[in-house]
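J.: Quick one: this structure, given as structure tokens, is what I'll be asking you about.
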Amino acid sequence: MVAVVEDDESYRLAMQRLLKSAGFSVQSFACAEDFLESGWQLETGCLIADIRMPGMSGLDLQAKLNADHCPIPIIFVTAHGDEKMRLQAMRGGAVKFLAKPFDGEILLEGVRAALGSEA
């Protein structure tokens, strides 16, 4: 299952539609806290998360999952990323760091790679 954590509803719905059209099972969440409270962490094969969100950021979510020994491959998407942020995400184990707007096919390639790497 692919989880999408994105506070921007239009991006969240667009990613959900794209992933479903490619045959993926998808759950989407408006914030990191909703994802953590959902209990879907063990069912999630790939997480797509925005970096900057109200409350817990995507990087905070990544740190929490790592601290909880829940190594979910993460693809970060952001409209406000910089090199320092990208490096922090990649050091934390992110599989991709995409700047908005991004090509949907690049996102799908990243999801396929993330799901394949855990098989």
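Letters A, B, ... mark the chains of the structure tokens in the order given; residue numbers begin at 1 per chain; ligand numbers begin at 1, in order shown.
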Can you list, as a PyMOL selection string, every protein, DNA or RNA residue that comes within 6 Å of region 1-3 of chain A when you count only C-alpha atoms, leaving out same-chain residues fewer than 5 positions away?

T.: chain A and resi 25-28+44-47

J.: Enumerate as a list in words all residues of region 8-59 of chain A assigned to strand (DSSP E) by DSSP on the backbone, naming them with the chain letters and numbers the document uses.

T.: Val26, Gln27, Ser28, Phe29, Cys46, Leu47, Ile48, Ala49 and Asp50 of chain A

J.: Running DSSP on the backbone, which parts of chain A land in helix (DSSP H, G or I), as an MDAnalysis selection string?

T.: chainID A and resid 9:21 32:38 40:43 58:67 83:91 104:118

J.: Contacts of Pro101 (chain A) at 12 Å or less, counting only C-alpha atoms, minus same-chain residues fewer than 3 places along, as a list of chain:residue names?

T.: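 Contacts, with the query itself left out: A:Tyr11, A:Ala14, A:Met15, A:Val77, A:Thr78, A:Ala79, A:His80, A:Gly81, A:Phe97, A:Leu98, A:Gly104, A:Ile106, A:Leu107.
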
J.: Using the selection just defined, write its residues with C-alpha atoms as a tab-separated table (two decimals), in the first residue's frame.

T.:
chain	number	residue	atom	x	y	z
A	11	TYR	CA	-1.95	17.72	-4.68
A	14	ALA	CA	-4.00	14.33	-7.78
A	15	MET	CA	-1.36	11.95	-6.39
A	77	VAL	CA	7.65	16.24	-2.42
A	78	THR	CA	7.99	19.94	-1.73
A	79	ALA	CA	7.45	23.36	-3.22
A	80	HIS	CA	9.97	24.89	-0.80
A	81	GLY	CA	12.94	22.57	-0.74
A	97	PHE	CA	13.16	14.19	-3.26
A	98	LEU	CA	10.91	15.85	-5.84
A	104	GLY	CA	3.86	12.08	-12.49
A	106	ILE	CA	8.94	10.24	-12.15
A	107	LEU	CA	6.80	9.82	-9.03

J.: Within 6 Å of Ala94 (chain A), counting only C-alpha atoms, which residues show up once you throw out same-chain ones fewer than 5 positions away? Write them as a PyMOL selection string, please.

T.: chain A and resi 74-75+89

J.: Between CA of Glu43 (chain A) and CA of Phe24 (chain A), measure the distance and give it in Å to one decimal.

T.: 13.0 Å

J.: Asp68 (chain A): which residues within 12 Å, counting only C-alpha atoms, same-chain residues fewer than 6 positions away excluded, as a list of chain:residue names?

T.: A:Leu36, A:Gln41, A:Leu42, A:Leu61, A:Gln62

J.: May I ask which of the residues A:Val95, A:Val111, A:Ala30, A:Leu87 is the closest one to Met56 (chain A), counting only C-alpha atoms?

T.: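 Of the candidates, the smallest distance to Met56 (chain A) is held by A:Ala30.
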
J.: Which is closest to Asn66 (chain A) among A:Arg112, A:Arg12, A:Arg91, A:Lys84, if we use only C-alpha atoms?

T.: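 The shortest atom-to-atom distance to Asn66 (chain A) comes from A:Arg91.
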
J.: Measuring atom to atom with only C-alpha atoms, identify which of A:Pro73, A:Glu9, A:Ala32, A:Arg86 is nearest to Asp60 (chain A).

T.: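 Nearest to Asp60 (chain A): A:Ala32.
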
J.: With only C-alpha atoms as the atoms that count, which of A:Cys70, A:Leu19, A:Ala99, A:Cys31 lies nearest to Asp82 (chain A)?

T.: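 Among the listed residues, the smallest separation from Asp82 (chain A) belongs to A:Ala99.
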
J.: I'd like the interatomic distance between CA of Gly93 (chain A) and CA of Arg17 (chain A), to a tenth of an Å.

T.: 25.9 Å

J.: For Asp50 (chain A), which residue among A:Ala22, A:Gly116, A:Phe29, A:Glu105 is the nearest when counting only C-alpha atoms?

T.: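 The answer is A:Phe29, which sits nearest to Asp50 (chain A).
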
J.: Between CA of Val4 (chain A) and CA of Phe35 (chain A), what is the distance in Å, rounded to a tenth?

T.: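 Rounded to one decimal, the two atoms are 8.7 Å apart.
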
J.: Counting only C-alpha atoms, which of A:Ala67, A:Val5, A:Met53, A:Met85 gets nearest to Ser38 (chain A)?

T.: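 Of A:Ala67, A:Val5, A:Met53, A:Met85, the one nearest Ser38 (chain A), counting only C-alpha atoms, is A:Val5.
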